[in-house]
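Dropping target_34.txt in here (compact mmCIF, C-alpha atoms and all ligand atoms):
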```txt
# COMPACT_ATOMS: atom_id res chain seq x y z
CA MET A 1 0.00 0.00 0.00
CA SER A 2 1.37 3.46 -0.90
CA LYS A 3 2.41 5.82 1.85
CA LEU A 4 0.18 8.81 2.51
CA THR A 5 1.83 12.21 2.86
CA LEU A 6 -0.07 15.19 4.22
CA TYR A 7 1.17 18.68 3.32
CA GLY A 8 0.10 21.54 5.54
CA ILE A 9 0.82 23.86 8.41
CA TRP A 10 -0.15 23.14 11.99
CA LEU A 11 -2.18 26.36 12.37
CA SER A 12 -4.41 25.52 9.41
CA GLY A 13 -7.95 24.36 10.15
CA PRO A 14 -8.39 22.60 6.79
CA THR A 15 -5.08 20.76 7.36
CA TYR A 16 -6.36 19.70 10.79
CA LYS A 17 -9.49 18.21 9.20
CA ALA A 18 -7.36 15.94 6.98
CA GLY A 19 -5.00 15.01 9.84
CA LEU A 20 -7.88 14.32 12.22
CA ALA A 21 -9.64 12.08 9.69
CA LEU A 22 -6.42 10.09 9.17
CA SER A 23 -5.98 9.74 12.91
CA LEU A 24 -9.60 8.66 13.52
CA MET A 25 -9.28 6.11 10.70
CA GLY A 26 -6.08 4.79 12.28
CA GLN A 27 -3.96 5.63 9.23
CA PRO A 28 -0.33 6.65 9.72
CA PHE A 29 0.95 9.41 7.44
CA ALA A 30 4.13 11.29 6.64
CA TYR A 31 3.95 15.04 7.00
CA LYS A 32 5.46 17.94 5.02
CA HIS A 33 5.43 21.36 6.62
CA VAL A 34 4.51 24.11 4.13
CA ASP A 35 5.77 27.48 5.36
CA LEU A 36 2.96 29.82 4.29
CA ARG A 37 4.70 32.85 5.81
CA ALA A 38 7.70 32.25 3.55
CA GLY A 39 5.37 31.82 0.55
CA ALA A 40 6.29 28.15 0.06
CA HIS A 41 2.72 27.42 -1.09
CA LYS A 42 3.17 29.64 -4.17
CA GLN A 43 6.47 28.08 -5.29
CA PRO A 44 6.54 25.80 -8.36
CA GLU A 45 7.47 22.71 -6.30
CA TYR A 46 4.35 23.06 -4.15
CA LEU A 47 2.10 24.17 -7.03
CA ALA A 48 3.00 20.85 -8.65
CA VAL A 49 1.36 19.20 -5.63
CA ASN A 50 -1.62 21.56 -5.24
CA ARG A 51 -2.37 23.72 -8.27
CA PHE A 52 -4.48 26.06 -6.09
CA GLY A 53 -1.48 27.02 -3.95
CA GLN A 54 -3.21 26.23 -0.66
CA VAL A 55 -2.85 23.73 2.15
CA PRO A 56 -3.72 20.98 2.75
CA ALA A 57 -2.68 18.54 0.07
CA LEU A 58 -2.54 14.77 0.35
CA VAL A 59 -0.27 12.62 -1.77
CA ASP A 60 -1.15 8.95 -2.14
CA GLY A 61 1.36 7.30 -4.46
CA ASP A 62 1.04 9.10 -7.81
CA LEU A 63 -2.19 10.79 -6.78
CA LYS A 64 -2.05 14.41 -5.61
CA LEU A 65 -5.21 15.56 -3.85
CA CYS A 66 -6.37 18.89 -2.48
CA GLN A 67 -9.39 20.64 -0.92
CA SER A 68 -10.00 19.32 2.59
CA GLY A 69 -13.61 18.26 1.94
CA SER A 70 -12.58 16.28 -1.13
CA ILE A 71 -9.65 14.73 0.77
CA LEU A 72 -12.06 13.63 3.53
CA LEU A 73 -14.37 11.96 1.00
CA TYR A 74 -11.38 10.28 -0.68
CA LEU A 75 -10.19 8.86 2.65
CA ALA A 76 -13.70 7.67 3.53
CA ASP A 77 -13.91 5.88 0.17
CA LYS A 78 -10.39 4.46 0.26
CA PHE A 79 -10.64 3.04 3.77
CA GLY A 80 -14.39 2.33 3.80
CA LYS A 81 -14.81 4.31 7.00
CA MET A 82 -16.77 7.38 8.09
CA GLY A 83 -18.40 7.96 4.72
CA GLY A 84 -21.96 6.92 5.51
CA LYS A 85 -23.35 3.48 4.68
CA THR A 86 -26.28 4.02 2.32
CA PRO A 87 -26.61 6.30 -0.72
CA GLU A 88 -28.79 8.56 1.43
CA GLU A 89 -26.21 8.77 4.23
CA LYS A 90 -23.45 9.48 1.69
CA ALA A 91 -25.56 12.28 0.21
CA ARG A 92 -26.17 13.75 3.70
CA VAL A 93 -22.41 13.66 4.38
CA ARG A 94 -21.79 15.63 1.18
CA GLU A 95 -24.54 18.12 2.08
CA TRP A 96 -22.87 18.86 5.41
CA LEU A 97 -19.45 19.24 3.74
CA PHE A 98 -20.75 21.76 1.20
CA TRP A 99 -22.69 23.60 3.89
CA GLU A 100 -19.83 23.84 6.34
CA PHE A 101 -17.43 25.39 3.83
CA ASP A 102 -20.12 27.85 2.76
CA ARG A 103 -21.69 28.89 6.06
CA LEU A 104 -19.42 27.86 8.91
CA ALA A 105 -15.71 27.59 8.07
CA PRO A 106 -15.04 31.11 6.72
CA ASN A 107 -17.09 32.71 9.49
CA VAL A 108 -15.05 30.97 12.20
CA TYR A 109 -11.65 31.02 10.46
CA ARG A 110 -11.71 34.74 9.59
CA PRO A 111 -12.56 35.92 13.15
CA ARG A 112 -9.90 33.49 14.42
CA ALA A 113 -7.33 34.91 11.97
CA MET A 114 -8.23 38.42 13.16
CA LYS A 115 -8.01 37.52 16.88
CA ARG A 116 -4.71 35.68 16.38
CA GLY A 117 -3.29 38.58 14.39
CA PHE A 118 -2.88 36.64 11.11
CA MET A 119 -5.30 39.03 9.37
CA LYS A 120 -5.76 42.72 10.07
CA LEU A 121 -9.35 43.78 9.37
CA ASP A 122 -11.76 46.35 10.71
CA ASP A 123 -13.82 45.40 13.78
CA ASN A 124 -17.01 45.78 11.69
CA LEU A 125 -15.86 42.76 9.71
CA TYR A 126 -15.25 40.81 12.91
CA GLN A 127 -18.86 41.57 13.91
CA LEU A 128 -20.14 40.55 10.48
CA TYR A 129 -18.28 37.22 10.31
CA SER A 130 -18.87 36.24 13.94
CA GLY A 131 -22.57 37.10 13.51
CA LEU A 132 -22.75 34.81 10.46
CA ALA A 133 -20.93 32.12 12.46
CA GLY A 134 -23.63 32.49 15.11
CA ASP A 135 -26.35 31.92 12.49
CA ALA A 136 -24.60 28.73 11.33
CA LEU A 137 -24.03 27.52 14.89
CA LYS A 138 -27.77 27.84 15.60
CA VAL A 139 -28.53 25.60 12.61
CA LEU A 140 -25.89 23.11 13.74
CA ASP A 141 -27.11 23.08 17.34
CA ALA A 142 -30.70 22.41 16.22
CA SER A 143 -29.55 19.54 13.97
CA LEU A 144 -27.64 17.93 16.82
CA ALA A 145 -30.72 17.95 19.08
CA THR A 146 -32.01 14.73 17.52
CA SER A 147 -28.95 12.65 16.66
CA ALA A 148 -25.61 11.83 18.25
CA PHE A 149 -23.63 12.76 15.12
CA LEU A 150 -24.44 14.79 12.03
CA VAL A 151 -25.50 11.82 9.92
CA GLY A 152 -27.17 9.34 12.22
CA ASN A 153 -25.58 7.82 15.26
CA GLU A 154 -22.09 7.15 13.96
CA PRO A 155 -19.37 9.70 13.21
CA THR A 156 -18.63 10.49 9.59
CA VAL A 157 -16.22 12.79 7.82
CA ALA A 158 -18.97 15.43 8.00
CA ASP A 159 -18.43 15.50 11.77
CA VAL A 160 -14.67 15.77 11.22
CA ALA A 161 -15.07 18.76 8.90
CA VAL A 162 -17.49 20.56 11.18
CA TYR A 163 -15.39 19.77 14.27
CA GLY A 164 -12.44 21.28 12.38
CA ASP A 165 -14.36 24.57 12.29
CA VAL A 166 -16.14 24.65 15.64
CA SER A 167 -13.04 23.67 17.63
CA TYR A 168 -11.47 27.03 16.67
CA ALA A 169 -14.40 29.03 18.10
CA GLY A 170 -12.49 29.77 21.32
CA GLU A 171 -9.54 31.22 19.38
CA ALA A 172 -12.06 33.26 17.38
CA ALA A 173 -13.62 34.58 20.61
CA ILE A 174 -16.94 33.04 19.59
CA ASP A 175 -18.74 31.81 22.71
CA LEU A 176 -20.27 28.32 22.47
CA ALA A 177 -21.93 28.52 25.92
CA SER A 178 -25.47 28.76 24.56
CA TYR A 179 -25.07 25.75 22.22
CA ALA A 180 -25.59 22.78 24.54
CA ASN A 181 -26.04 20.24 21.73
CA ILE A 182 -22.83 21.34 20.00
CA LYS A 183 -20.90 21.12 23.25
CA ALA A 184 -22.20 17.60 23.99
CA TRP A 185 -21.35 16.53 20.40
CA MET A 186 -17.82 17.96 20.73
CA GLU A 187 -17.36 15.86 23.86
CA ARG A 188 -18.51 12.78 21.94
CA MET A 189 -16.02 13.57 19.16
CA GLU A 190 -13.20 14.04 21.66
CA LYS A 191 -13.85 10.56 23.12
CA LEU A 192 -13.52 8.75 19.76
CA PRO A 193 -10.53 6.38 19.46
CA GLY A 194 -7.76 8.22 17.58
CA PHE A 195 -9.10 11.68 18.38
CA LYS A 196 -6.37 14.33 18.72
CA LYS A 197 -6.36 18.11 19.14
CA TYR A 198 -4.77 20.03 16.27
CA GLU A 199 -1.56 20.66 18.17
CA ASP A 200 -1.16 16.90 18.65
CA VAL A 201 -2.09 15.69 15.18
CA LEU A 202 -0.09 18.18 13.09
CA PRO A 203 3.70 18.31 13.55
CA LYS A 204 5.43 21.70 13.41
CA GLN A 205 7.99 20.40 10.91
CA ASP A 206 8.40 17.56 8.41
CA ALA A 207 7.75 14.15 9.93
CA ALA A 208 8.37 10.69 8.50
N1 LIG A 301 -11.18 25.15 0.65
C1 LIG A 301 -9.79 24.87 1.00
C2 LIG A 301 -9.29 26.03 1.84
C3 LIG A 301 -7.83 25.88 2.15
C4 LIG A 301 -7.25 27.14 2.76
O1 LIG A 301 -7.90 28.20 2.86
N2 LIG A 301 -5.99 27.04 3.19
C5 LIG A 301 -5.30 28.19 3.69
C6 LIG A 301 -4.59 27.87 5.00
S1 LIG A 301 -5.73 27.53 6.27
C7 LIG A 301 -4.22 28.58 2.68
O2 LIG A 301 -3.60 27.73 2.08
N3 LIG A 301 -4.02 29.88 2.53
C8 LIG A 301 -3.06 30.42 1.66
C9 LIG A 301 -3.68 30.95 0.40
O3 LIG A 301 -4.88 30.75 0.16
O4 LIG A 301 -2.95 31.58 -0.36
C10 LIG A 301 -9.70 23.54 1.74
O5 LIG A 301 -10.64 23.19 2.46
O6 LIG A 301 -8.71 22.83 1.60
```
Could you quickly redo this structure as structure tokens?
Amino acid sequence: MSKLTLYGIWLSGPTYKAGLALSLMGQPFAYKHVDLRAGAHKQPEYLAVNRFGQVPALVDGDLKLCQSGSILLYLADKFGKMGGKTPEEKARVREWLFWEFDRLAPNVYRPRAMKRGFMKLDDNLYQLYSGLAGDALKVLDASLATSAFLVGNEPTVADVAVYGDVSYAGEAAIDLASYANIKAWMERMEKLPGFKKYEDVLPKQDAA
């Protein structure tokens, strides 16, 4: 079986999603640190891995993959885990993945980038994005009132993607206190075998 290599940077939420999925699926992987501050992601060597010049990327033998949601679906397919069991469940997983990168991820990641000083933007924009994050969190909280995970009672890559957004809420100064269902679901995620926080799943330099 070919060796999987994840390219990314430890502060990147989308890279965390790929690393967390690999860890939950019990798949070892090599890791290549991509120094975004030095512009490594726009250099020809990296663009040959990910034409979009972003992290993460996943290399599996000759196959070079990018876009965290697509990487998650690839891993679910390849290892037959966390992808949903029926055509309906698989469709629901995809719905959550498209939704989270439309409504949730940017509205958590941008406030986080502002609070951590990676992005300098006016406070009005912080209010706008964190308000939109709040709208998405309400939808998520309501959905988690009736099932243990996003698609039924078993975790799927949809949970991984959404966890990879919501777990940065604290760094974004977005308060989760009023979302009891989200908090209970996060605790369930954190008890899964192979679960790791982003600091523990993503090395700070290349790793074999
Ligand atoms: N939709 C992409 C988003 C990836 C993304 O935004 N990556 C950021 C780091 S967290 C990046 O590479 N930024 C550098 C750039 O876009 O130039 C995914 O899910 O993989």
Q.
I'd like the neighbourhood of Pro106 (chain A) as a PyMOL selection string, where a residue qualifies if any of its atoms comes within 12 Å (using all atoms listed in the file), though same-chain residues fewer than 3 positions away should be ignored.
A. chain A and resi 13-14+99-103+109-114+126+128-133+136+162+164-166+168-169+172
Kindly export the residues of the current selection with C-alpha atoms, as a PDB file, in the frame of the given file.
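What ended up in again.pdb:
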```pdb
ATOM      1  CA  GLY A  13      -7.950  24.360  10.150  1.00  0.00           C
ATOM      2  CA  PRO A  14      -8.390  22.600   6.790  1.00  0.00           C
ATOM      3  CA  TRP A  99     -22.690  23.600   3.890  1.00  0.00           C
ATOM      4  CA  GLU A 100     -19.830  23.840   6.340  1.00  0.00           C
ATOM      5  CA  PHE A 101     -17.430  25.390   3.830  1.00  0.00           C
ATOM      6  CA  ASP A 102     -20.120  27.850   2.760  1.00  0.00           C
ATOM      7  CA  ARG A 103     -21.690  28.890   6.060  1.00  0.00           C
ATOM      8  CA  TYR A 109     -11.650  31.020  10.460  1.00  0.00           C
ATOM      9  CA  ARG A 110     -11.710  34.740   9.590  1.00  0.00           C
ATOM     10  CA  PRO A 111     -12.560  35.920  13.150  1.00  0.00           C
ATOM     11  CA  ARG A 112      -9.900  33.490  14.420  1.00  0.00           C
ATOM     12  CA  ALA A 113      -7.330  34.910  11.970  1.00  0.00           C
ATOM     13  CA  MET A 114      -8.230  38.420  13.160  1.00  0.00           C
ATOM     14  CA  TYR A 126     -15.250  40.810  12.910  1.00  0.00           C
ATOM     15  CA  LEU A 128     -20.140  40.550  10.480  1.00  0.00           C
ATOM     16  CA  TYR A 129     -18.280  37.220  10.310  1.00  0.00           C
ATOM     17  CA  SER A 130     -18.870  36.240  13.940  1.00  0.00           C
ATOM     18  CA  GLY A 131     -22.570  37.100  13.510  1.00  0.00           C
ATOM     19  CA  LEU A 132     -22.750  34.810  10.460  1.00  0.00           C
ATOM     20  CA  ALA A 133     -20.930  32.120  12.460  1.00  0.00           C
ATOM     21  CA  ALA A 136     -24.600  28.730  11.330  1.00  0.00           C
ATOM     22  CA  VAL A 162     -17.490  20.560  11.180  1.00  0.00           C
ATOM     23  CA  GLY A 164     -12.440  21.280  12.380  1.00  0.00           C
ATOM     24  CA  ASP A 165     -14.360  24.570  12.290  1.00  0.00           C
ATOM     25  CA  VAL A 166     -16.140  24.650  15.640  1.00  0.00           C
ATOM     26  CA  TYR A 168     -11.470  27.030  16.670  1.00  0.00           C
ATOM     27  CA  ALA A 169     -14.400  29.030  18.100  1.00  0.00           C
ATOM     28  CA  ALA A 172     -12.060  33.260  17.380  1.00  0.00           C
TER      29      ALA A 172
END
```
Q) Could you pull the residues within 8 Å of Asn181 (chain A), counting all atoms listed in the file, minus those fewer than 4 positions along the same chain, as a ChimeraX atom specification? A) /A:141-142,144-145,185
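Between CA of Ala57 (chain A) and CA of Ser12 (chain A) the separation is 11.8 Å.
When CA of Lys196 (chain A) is paired with CA of Leu24 (chain A), their separation reads 8.3 Å.
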Q: Kindly work out which residues sit at most 8 Å from ligand LIG 301 (chain A), using only C-alpha atoms and all ligand atoms, and give the list as a PyMOL selection string.
A: chain A and resi 8-9+11-15+36+41-42+52-57+66-69+101
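Contact shell of Gly61 (chain A) at 10 Å (all atoms listed in the file; same-chain neighbours under 5 positions omitted): Met1, Ser2, Lys3, Leu4 and Thr5 of chain A.
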Q.
What's the separation between CA of His33 (chain A) and CA of Ser167 (chain A), in Å to one decimal place?
A. 21.6 Å
